[in-house]
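Asker: Below is target_3.txt; it holds compact mmCIF, C-alpha atoms.
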# COMPACT_ATOMS: atom_id res chain seq x y z
CA MET Q 1 111.94 -118.39 66.84
CA THR Q 2 115.34 -119.97 66.32
CA ASP Q 3 116.76 -123.00 68.09
CA GLU Q 4 118.44 -120.51 70.44
CA ASP Q 5 114.98 -119.11 71.27
CA PHE Q 6 113.74 -122.53 72.41
CA THR Q 7 113.14 -122.05 76.12
CA VAL Q 8 112.65 -124.20 79.19
CA ALA Q 9 108.97 -123.19 79.00
CA ASP Q 10 108.82 -124.66 75.47
CA LEU Q 11 110.45 -127.87 76.68
CA LEU Q 12 108.02 -128.16 79.58
CA ALA Q 13 105.01 -127.52 77.33
CA ILE Q 14 106.09 -130.30 74.96
CA GLN Q 15 106.80 -132.68 77.84
CA ALA Q 16 103.31 -131.95 79.17
CA LEU Q 17 101.78 -132.86 75.80
CA VAL Q 18 103.71 -136.13 75.64
CA HIS Q 19 102.68 -137.06 79.19
CA THR Q 20 99.06 -135.93 78.80
CA TYR Q 21 98.46 -138.67 76.22
CA PRO Q 22 98.87 -141.56 78.72
CA ARG Q 23 96.91 -139.66 81.37
CA TYR Q 24 93.91 -139.50 79.08
CA LEU Q 25 94.33 -143.06 77.77
CA ASP Q 26 94.85 -144.69 81.16
CA GLY Q 27 92.03 -142.58 82.61
CA GLY Q 28 89.63 -143.77 79.90
CA ASP Q 29 89.11 -140.23 78.56
CA LEU Q 30 89.31 -141.17 74.90
CA VAL Q 31 87.50 -138.02 73.73
CA ARG Q 32 90.17 -135.75 75.23
CA LEU Q 33 92.85 -138.13 73.93
CA GLY Q 34 91.47 -137.71 70.41
CA LYS Q 35 91.42 -133.92 70.79
CA LEU Q 36 95.17 -133.90 71.53
CA PHE Q 37 95.62 -134.76 67.85
CA ASP Q 38 93.15 -132.28 66.33
CA ARG Q 39 95.94 -130.80 64.18
CA ALA Q 40 98.08 -133.89 63.73
CA ALA Q 41 98.68 -136.90 61.53
CA VAL Q 42 98.90 -140.06 63.63
CA HIS Q 43 100.67 -143.02 62.07
CA PHE Q 44 100.05 -146.55 63.35
CA GLU Q 45 102.28 -149.32 62.07
CA ASP Q 46 99.27 -151.55 61.28
CA ARG Q 47 97.52 -148.92 59.10
CA ASP Q 48 98.51 -147.92 55.58
CA GLU Q 49 97.35 -144.32 55.96
CA PRO Q 50 97.67 -142.01 58.95
CA VAL Q 51 94.67 -140.69 60.82
CA THR Q 52 94.88 -137.01 59.93
CA ALA Q 53 93.55 -134.21 62.15
CA ASP Q 54 90.39 -136.11 63.04
CA PRO Q 55 89.92 -136.33 66.80
CA GLY Q 56 86.70 -138.29 66.35
CA GLU Q 57 88.47 -140.97 64.33
CA ILE Q 58 91.29 -141.24 66.90
CA THR Q 59 88.71 -141.54 69.69
CA LYS Q 60 86.73 -144.17 67.76
CA MET Q 61 89.82 -146.17 66.89
CA PHE Q 62 90.89 -146.39 70.55
CA ALA Q 63 87.32 -147.09 71.70
CA ASP Q 64 87.01 -149.87 69.12
CA PHE Q 65 90.26 -151.49 70.27
CA VAL Q 66 90.83 -150.94 74.01
CA ARG Q 67 88.95 -153.09 76.53
CA MET Q 68 87.49 -151.02 79.32
CA TYR Q 69 86.81 -152.12 82.88
CA GLU Q 70 84.33 -149.77 84.52
CA GLY Q 71 85.42 -147.01 82.14
CA VAL Q 72 89.20 -147.48 82.28
CA PRO Q 73 91.62 -149.91 80.60
CA ARG Q 74 93.44 -150.73 83.88
CA THR Q 75 96.76 -149.77 82.26
CA ARG Q 76 99.64 -147.45 82.94
CA HIS Q 77 101.53 -146.15 79.93
CA ASN Q 78 104.97 -145.19 81.28
CA ILE Q 79 106.78 -142.75 79.01
CA VAL Q 80 110.57 -142.95 79.40
CA ASN Q 81 113.69 -141.81 77.58
CA LEU Q 82 111.98 -138.64 76.32
CA ILE Q 83 114.31 -136.59 74.15
CA VAL Q 84 113.00 -133.25 72.84
CA THR Q 85 114.96 -131.47 70.10
CA PRO Q 86 114.33 -128.00 68.67
CA ALA Q 87 113.88 -128.31 64.91
CA GLY Q 88 113.65 -124.75 63.67
CA PRO Q 89 111.35 -121.82 64.26
CA GLY Q 90 108.23 -122.95 66.14
CA ARG Q 91 109.06 -126.60 65.53
CA ALA Q 92 110.41 -129.45 67.68
CA THR Q 93 110.71 -133.20 67.53
CA ALA Q 94 110.72 -135.80 70.26
CA THR Q 95 111.33 -139.49 70.71
CA SER Q 96 110.24 -141.57 73.66
CA THR Q 97 109.73 -145.15 74.72
CA VAL Q 98 106.52 -146.48 76.23
CA LEU Q 99 106.17 -149.41 78.62
CA VAL Q 100 102.58 -150.44 79.26
CA VAL Q 101 101.60 -152.44 82.33
CA GLN Q 102 98.13 -153.74 83.07
CA GLN Q 103 96.24 -155.37 85.87
CA ALA Q 104 92.93 -156.58 84.48
CA PRO Q 105 90.34 -158.04 86.85
CA GLY Q 106 91.46 -161.48 88.00
CA GLY Q 107 94.93 -161.11 86.54
CA PRO Q 108 98.37 -160.12 87.78
CA LEU Q 109 100.06 -156.76 87.31
CA GLN Q 110 102.21 -157.37 84.24
CA PRO Q 111 104.02 -155.65 81.38
CA ILE Q 112 102.00 -156.11 78.20
CA ILE Q 113 103.75 -154.11 75.46
CA THR Q 114 106.58 -151.69 74.72
CA GLY Q 115 107.10 -149.34 71.84
CA ASP Q 116 108.29 -145.98 70.63
CA TYR Q 117 106.70 -142.64 69.87
CA ARG Q 118 108.26 -140.26 67.35
CA ASP Q 119 106.59 -136.86 67.50
CA THR Q 120 106.70 -133.54 65.70
CA PHE Q 121 105.33 -130.42 67.39
CA LEU Q 122 104.46 -126.98 66.07
CA LYS Q 123 103.98 -123.77 68.00
CA THR Q 124 100.95 -121.87 66.72
CA GLY Q 125 99.58 -118.77 68.38
CA GLY Q 126 102.03 -119.22 71.26
CA GLU Q 127 100.85 -122.79 72.01
CA TRP Q 128 102.60 -126.07 71.23
CA HIS Q 129 100.58 -128.89 69.66
CA PHE Q 130 101.14 -132.28 68.10
CA ALA Q 131 101.71 -132.09 64.34
CA GLU Q 132 102.63 -135.74 63.81
CA ARG Q 133 102.99 -138.93 65.85
CA TYR Q 134 104.39 -142.31 64.78
CA ILE Q 135 103.46 -145.19 67.09
CA THR Q 136 105.40 -148.43 66.83
CA ASN Q 137 105.49 -151.47 69.10
CA ASP Q 138 108.30 -153.95 69.44
CA LEU Q 139 107.96 -156.18 72.52
CA PHE Q 140 104.71 -157.98 73.26
CA GLY Q 141 103.36 -159.66 76.36
CA ASP Q 142 99.88 -160.99 77.05
CA LEU Q 143 97.55 -158.49 75.37
CA SER Q 144 94.42 -160.64 75.73
CA ALA Q 145 92.91 -158.42 78.45
CA HIS Q 146 93.92 -155.17 76.74
CA GLY Q 147 92.69 -155.30 73.17
CA LYS Q 148 89.40 -156.37 71.64
CA TYR Q 149 91.38 -157.91 68.78
CA ALA Q 150 94.94 -159.18 68.39
CA ILE Q 151 97.91 -156.98 67.55
CA ALA Q 152 100.34 -158.74 65.25
CA ALA Q 153 103.86 -158.91 66.67
CA ALA Q 154 106.39 -157.36 64.32
Rewrite the structure from the file as structure tokens, please.
Answerer:
Amino acid sequence: MTDEDFTVADLLAIQALVHTYPRYLDGGDLVRLGKLFDRAAVHFEDRDEPVTADPGEITKMFADFVRMYEGVPRTRHNIVNLIVTPAGPGRATATSTVLVVQQAPGGPLQPIITGDYRDTFLKTGGEWHFAERYITNDLFGDLSAHGKYAIAAA
């Protein structure tokens, strides 16, 4: 596959992967969220080493951090400014911005954090999958009802 062979179907498959992540996270399905990265290295700015191809570790890390309210975090991760770029045969990259809003019990609906995702995708056996994700955060609101421990502002 060359860049010229990158089709609308490829673009839609990658967009679906990017947008499936917040569906699983906001829906409290952390097991399926972890499985999205079963062939990927996930880099978090507060960790020295990436989590590499270990869905169980991704699931555990989110479960250890995210506060749940009757099984869901009461958040909406809004993915915007998604730009997908072919990067050679069976390879693509993407950048996107995330804006997270939350309405925890007893609190207002409010923005709590923004950040960026930088992704690499590979097409294996006709299917696209995450190969790498970098997660960074840059603007911080009141995260007290979201996380079980504090995130340090950059």
Asker: Can you tell me which residues surround region 65-81 of chain Q at a distance of at most 9 Å, considering only C-alpha atoms, apart from same-chain residues fewer than 6 positions away, and format the answer as a PyMOL selection string?
Answerer: chain Q and resi 18-19+21-23+25-29+95-105+145-149
Asker: Using only C-alpha atoms, pick whichever of Q:Glu57, Q:Asp38, Q:Asp142, Q:Asp10 has the shortest atom-to-atom distance to Lys123 (chain Q).
Answerer: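 Answer, going by the shortest atom-to-atom distance: Q:Asp10.
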Asker: Write out as a PyMOL selection string the residues lying within 6 Å of Ala41 (chain Q), counting all atoms listed in the file and excluding same-chain residues fewer than 6 positions away.
Answerer: chain Q and resi 50-53+132
Asker: Pick the closest to Leu30 (chain Q) from Q:Glu127, Q:Asp138, Q:Asp64, Q:Asp46: which is it, counting only C-alpha atoms?
Answerer: Q:Asp64
Asker: Given only C-alpha atoms as the basis, pick out the residue of Q:Leu82, Q:Ala13, Q:Leu139, Q:Ala63 nearest to Ala94 (chain Q).
Answerer: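 Under the stated criterion, the closest residue is Q:Leu82.
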Asker: Between CA of Ile14 (chain Q) and CA of Gly88 (chain Q), what is the spacing in Å?
Answerer: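 Value for the CA of Gly88 (chain Q)-CA of Ile14 (chain Q) distance: 14.7 Å.
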Asker: Just how far from CA of Asp119 (chain Q) is CA of Val84 (chain Q), in Å to one decimal?
Answerer: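 Calculated distance between CA of Val84 (chain Q) and CA of Asp119 (chain Q) is 9.1 Å.
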Asker: Please provide the set of residues having any atom within 12 Å of Val42 (chain Q), restricted to all atoms listed in the file, with same-chain residues fewer than 6 positions apart removed, written as a ChimeraX atom specification.
Answerer: /Q:34,36,48-55,57-59,61,117-120,130-136
Asker: Filtering to C-alpha atoms, could you give me those residues as a compact mmCIF listing (two decimals), in the frame of the given file?
Answerer:
# COMPACT_ATOMS: atom_id res chain seq x y z
CA GLY Q 34 91.47 -137.71 70.41
CA LEU Q 36 95.17 -133.90 71.53
CA ASP Q 48 98.51 -147.92 55.58
CA GLU Q 49 97.35 -144.32 55.96
CA PRO Q 50 97.67 -142.01 58.95
CA VAL Q 51 94.67 -140.69 60.82
CA THR Q 52 94.88 -137.01 59.93
CA ALA Q 53 93.55 -134.21 62.15
CA ASP Q 54 90.39 -136.11 63.04
CA PRO Q 55 89.92 -136.33 66.80
CA GLU Q 57 88.47 -140.97 64.33
CA ILE Q 58 91.29 -141.24 66.90
CA THR Q 59 88.71 -141.54 69.69
CA MET Q 61 89.82 -146.17 66.89
CA TYR Q 117 106.70 -142.64 69.87
CA ARG Q 118 108.26 -140.26 67.35
CA ASP Q 119 106.59 -136.86 67.50
CA THR Q 120 106.70 -133.54 65.70
CA PHE Q 130 101.14 -132.28 68.10
CA ALA Q 131 101.71 -132.09 64.34
CA GLU Q 132 102.63 -135.74 63.81
CA ARG Q 133 102.99 -138.93 65.85
CA TYR Q 134 104.39 -142.31 64.78
CA ILE Q 135 103.46 -145.19 67.09
CA THR Q 136 105.40 -148.43 66.83
Asker: Go through Q:Val31, Q:Asp116, Q:Gln15, Q:Ser144 one by one, measure the shortest atom-to-atom distance of each to Ala92 (chain Q) using only C-alpha atoms, and give the residue with the smallest value.
Answerer: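 For Ala92 (chain Q), the nearest of the given residues is Q:Gln15.
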Asker: Go ahead and compute the interatomic distance for CA of Leu12 (chain Q) and CA of Leu33 (chain Q), in Å to one decimal.
Answerer: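 CA of Leu33 (chain Q) lies 19.0 Å from CA of Leu12 (chain Q).
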Asker: Determine the nearest neighbour of His129 (chain Q) from the options Q:Gly56, Q:Pro111, Q:Gly90, Q:Gly106, counting all atoms listed in the file.
Answerer: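 Smallest distance to His129 (chain Q) is found for Q:Gly90.
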Asker: Which one is closest to Phe6 (chain Q): Q:Ala87, Q:Arg47, Q:Gly125, Q:Thr114? Count only C-alpha atoms.
Answerer: Q:Ala87
